[in-house]
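Undergrad: What follows is work.txt, made up of compact mmCIF, C-alpha atoms:
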```
# COMPACT_ATOMS: atom_id res chain seq x y z
CA MET A 349 158.45 98.23 134.46
CA ALA A 350 160.94 96.85 131.93
CA GLN A 351 161.03 97.54 128.21
CA ARG A 352 162.04 94.65 125.96
CA LEU A 353 164.86 95.46 123.50
CA THR A 354 165.59 92.03 122.02
CA GLU A 355 164.65 88.46 122.77
CA TYR A 356 167.08 88.38 125.71
CA LEU A 357 167.69 92.05 126.60
CA GLU A 358 165.55 94.64 128.34
CA ILE A 359 165.90 98.01 130.04
CA ALA A 360 164.77 98.38 133.64
CA ASP A 361 165.61 101.22 136.04
CA GLY A 362 167.94 102.76 133.44
CA ARG A 363 170.01 99.58 133.09
CA ILE A 364 170.29 96.97 130.36
CA ARG A 365 169.80 93.48 131.75
CA CYS A 366 169.27 89.91 130.62
CA CYS A 367 165.61 88.87 130.37
CA ARG A 368 166.50 85.26 131.06
CA CYS A 369 168.50 85.58 134.31
CA SER A 370 168.16 89.33 135.19
CA ALA A 371 171.95 89.82 135.11
CA ASP A 372 172.75 93.54 135.20
CA ILE A 373 174.89 94.37 132.16
CA CYS A 374 175.38 98.12 131.84
CA ASP A 375 173.81 101.58 131.75
CA ARG A 376 171.28 102.04 128.95
CA ALA A 377 173.52 104.68 127.29
CA GLU A 378 176.36 102.18 126.78
CA ASN A 379 177.01 99.55 124.12
CA TYR A 380 176.14 96.36 126.00
CA LYS A 381 178.55 94.34 123.84
CA LEU A 382 181.46 95.93 125.69
CA TRP A 383 180.20 94.44 128.98
CA VAL A 384 179.25 90.87 128.07
CA LEU A 385 181.19 87.70 127.36
CA GLN A 386 182.77 87.63 123.91
CA ASP A 387 183.96 84.72 121.80
CA ARG A 388 185.97 85.71 118.72
CA VAL A 389 187.19 83.31 116.04
CA PRO A 390 188.66 83.92 112.58
CA ILE A 391 185.95 83.50 109.97
CA THR A 392 188.08 80.82 108.28
CA GLU A 393 187.59 78.62 111.40
CA VAL A 394 183.79 78.72 111.15
CA PRO A 395 182.56 75.40 109.70
CA GLY A 396 181.19 75.92 106.21
CA ALA A 397 182.40 79.52 105.89
CA GLY A 398 185.41 78.71 103.72
CA ASP A 399 187.92 81.23 102.43
CA PRO A 400 186.41 84.71 102.02
CA ALA A 401 189.09 85.88 99.52
CA PRO A 402 187.33 84.57 96.36
CA TYR A 403 184.36 86.78 97.27
CA GLY A 404 186.47 89.92 97.60
CA MET A 405 186.18 89.91 101.38
CA ALA A 406 188.97 90.51 103.86
CA ALA A 407 190.58 87.25 104.98
CA GLU A 408 191.04 88.58 108.50
CA LEU A 409 187.32 88.81 109.25
CA GLU A 410 186.20 87.32 112.55
CA LEU A 411 182.95 85.94 113.92
CA ARG A 412 181.99 87.45 117.27
CA ARG A 413 179.51 85.88 119.65
CA TYR A 414 178.17 87.95 122.54
CA CYS A 415 176.78 86.12 125.58
CA CYS A 416 175.20 87.05 128.90
CA PRO A 417 177.73 87.08 131.75
CA GLY A 418 175.12 85.55 134.06
CA CYS A 419 173.60 82.65 132.13
CA ALA A 420 175.71 82.55 128.92
CA VAL A 421 172.68 82.78 126.60
CA GLN A 422 173.82 84.07 123.20
CA LEU A 423 172.70 87.67 122.80
CA ASP A 424 174.05 88.46 119.33
CA THR A 425 176.60 87.59 116.66
CA GLU A 426 178.42 89.72 114.10
CA VAL A 427 181.14 89.41 111.49
CA SER A 428 183.72 92.17 111.60
CA LEU A 429 187.33 93.16 111.11
CA PRO A 430 189.32 92.24 114.25
CA GLU A 431 190.26 95.86 115.01
CA ALA A 432 186.72 97.24 114.57
CA ALA A 433 184.66 98.23 117.59
CA PRO A 434 181.53 96.19 118.31
CA LEU A 435 178.48 97.36 116.38
CA TRP A 436 175.64 99.05 118.25
CA ASP A 437 172.38 97.11 118.05
CA PHE A 438 170.42 100.02 119.52
CA GLN A 439 171.00 103.34 121.28
CA VAL A 440 168.61 104.81 123.82
CA GLU A 441 168.65 108.58 123.54
CA ASP A 442 167.23 109.80 126.85
CA ALA A 443 165.23 108.88 129.91
CA ALA A 444 161.93 109.74 128.21
CA ASP A 445 162.41 106.78 125.86
CA VAL A 446 161.95 104.08 128.51
CA ASP A 447 160.69 103.39 132.02
```
Show me, as structure tokens, the structure contained in the file I just sent.

TA:
Amino acid sequence: MAQRLTEYLEIADGRIRCCRCSADICDRAENYKLWVLQDRVPITEVPGAGDPAPYGMAAELELRRYCCPGCAVQLDTEVSLPEAAPLWDFQVEDAADVD
């Protein structure tokens, strides 16, 4: 039995997978964002975002889009510094939490 994590992600048999196409992504203890397709663009290239400097934000911010490697459905987005590691959406502590 699978446990739904987000609209498009679930855990089944100790693995995170896509709910849409069942693509196996990674072990449940890992940050799935390290194993999926990533699209990164400077925030200044995002239509309507404008220059972040007047708001006291770092100009080097980037928009990250994370997509399923099987069907390319968008799983998440985040705005971050280019050198920062991807944020964790969730962390599963142990086997008693799912399955």

Undergrad: Using all atoms listed in the file, pick whichever of A:Val389, A:Val394, A:Met405, A:Gly418 has the shortest atom-to-atom distance to Pro430 in chain A.

TA: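 Among A:Val389, A:Val394, A:Met405, A:Gly418, it is A:Val389 that comes nearest to Pro430 in chain A.
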
Undergrad: For CA of Arg388 in chain A and CA of Leu411 in chain A, quote the distance in Å rounded to one decimal.

TA: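 The value is 5.7 Å.
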
Undergrad: Please list as a VMD selection string every residue within 12 Å of Arg352 in chain A, counting only C-alpha atoms and excluding residues in the same chain fewer than 3 positions away.

TA: chain A and resid 349 355 to 360 363 to 368 438 446 to 447

Undergrad: Would you put the residues from that selection into a file with C-alpha atoms, as an mmCIF file, keeping the file's coordinate frame?

TA:
```
data_model
loop_
_atom_site.group_PDB
_atom_site.id
_atom_site.type_symbol
_atom_site.label_atom_id
_atom_site.label_comp_id
_atom_site.auth_asym_id
_atom_site.auth_seq_id
_atom_site.Cartn_x
_atom_site.Cartn_y
_atom_site.Cartn_z
ATOM 1 C CA MET A 349 158.450 98.230 134.460
ATOM 2 C CA GLU A 355 164.650 88.460 122.770
ATOM 3 C CA TYR A 356 167.080 88.380 125.710
ATOM 4 C CA LEU A 357 167.690 92.050 126.600
ATOM 5 C CA GLU A 358 165.550 94.640 128.340
ATOM 6 C CA ILE A 359 165.900 98.010 130.040
ATOM 7 C CA ALA A 360 164.770 98.380 133.640
ATOM 8 C CA ARG A 363 170.010 99.580 133.090
ATOM 9 C CA ILE A 364 170.290 96.970 130.360
ATOM 10 C CA ARG A 365 169.800 93.480 131.750
ATOM 11 C CA CYS A 366 169.270 89.910 130.620
ATOM 12 C CA CYS A 367 165.610 88.870 130.370
ATOM 13 C CA ARG A 368 166.500 85.260 131.060
ATOM 14 C CA PHE A 438 170.420 100.020 119.520
ATOM 15 C CA VAL A 446 161.950 104.080 128.510
ATOM 16 C CA ASP A 447 160.690 103.390 132.020
#
```

Undergrad: Let me make sure I understand: among A:Gly404, A:Leu423, A:Leu409, A:Ala432, which one has the smallest atom-to-atom distance to Thr354 in chain A if we use all atoms listed in the file?

TA: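 The shortest atom-to-atom distance to Thr354 in chain A comes from A:Leu423.
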
Undergrad: Out of A:Asp361, A:Asp372, A:Asp437, A:Glu393, which residue has the shortest atom-to-atom distance to Tyr414 in chain A when counting all atoms listed in the file?

TA: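 Closest to Tyr414 in chain A, using all atoms listed in the file: A:Asp437.
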
Undergrad: Can you pull out the residues contacting range 374-386 of chain A? Cut-off 7 Å, using only C-alpha atoms, and skip same-chain residues under 6 positions away; I want them as a list in words.

TA: Ile359, Gly362, Arg363, Ile364, Arg412, Arg413, Tyr414, Cys415, Cys416, Pro417, Pro434, Trp436, Gln439 and Val440 of chain A

Undergrad: Give the answer as one residue: which of A:Thr392, A:Ala401, A:Glu410, A:Ser370 has the shortest atom-to-atom distance to Ala350 in chain A, using all atoms listed in the file?

TA: A:Ser370

Undergrad: What gap, in Å, lies between CA of Glu426 in chain A and CA of Ile391 in chain A?

TA: 10.6 Å

Undergrad: Figure out the distance between CA of Glu408 in chain A and CA of Val427 in chain A, please, to one decimal in Å.

TA: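 Answer for the CA of Val427 in chain A to CA of Glu408 in chain A separation: 10.4 Å.
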
Undergrad: Taking all atoms listed in the file into account, name the residue in A:Ala397, A:Tyr403, A:Gln351, A:Pro390 that is nearest to Ser428 in chain A.

TA: A:Pro390
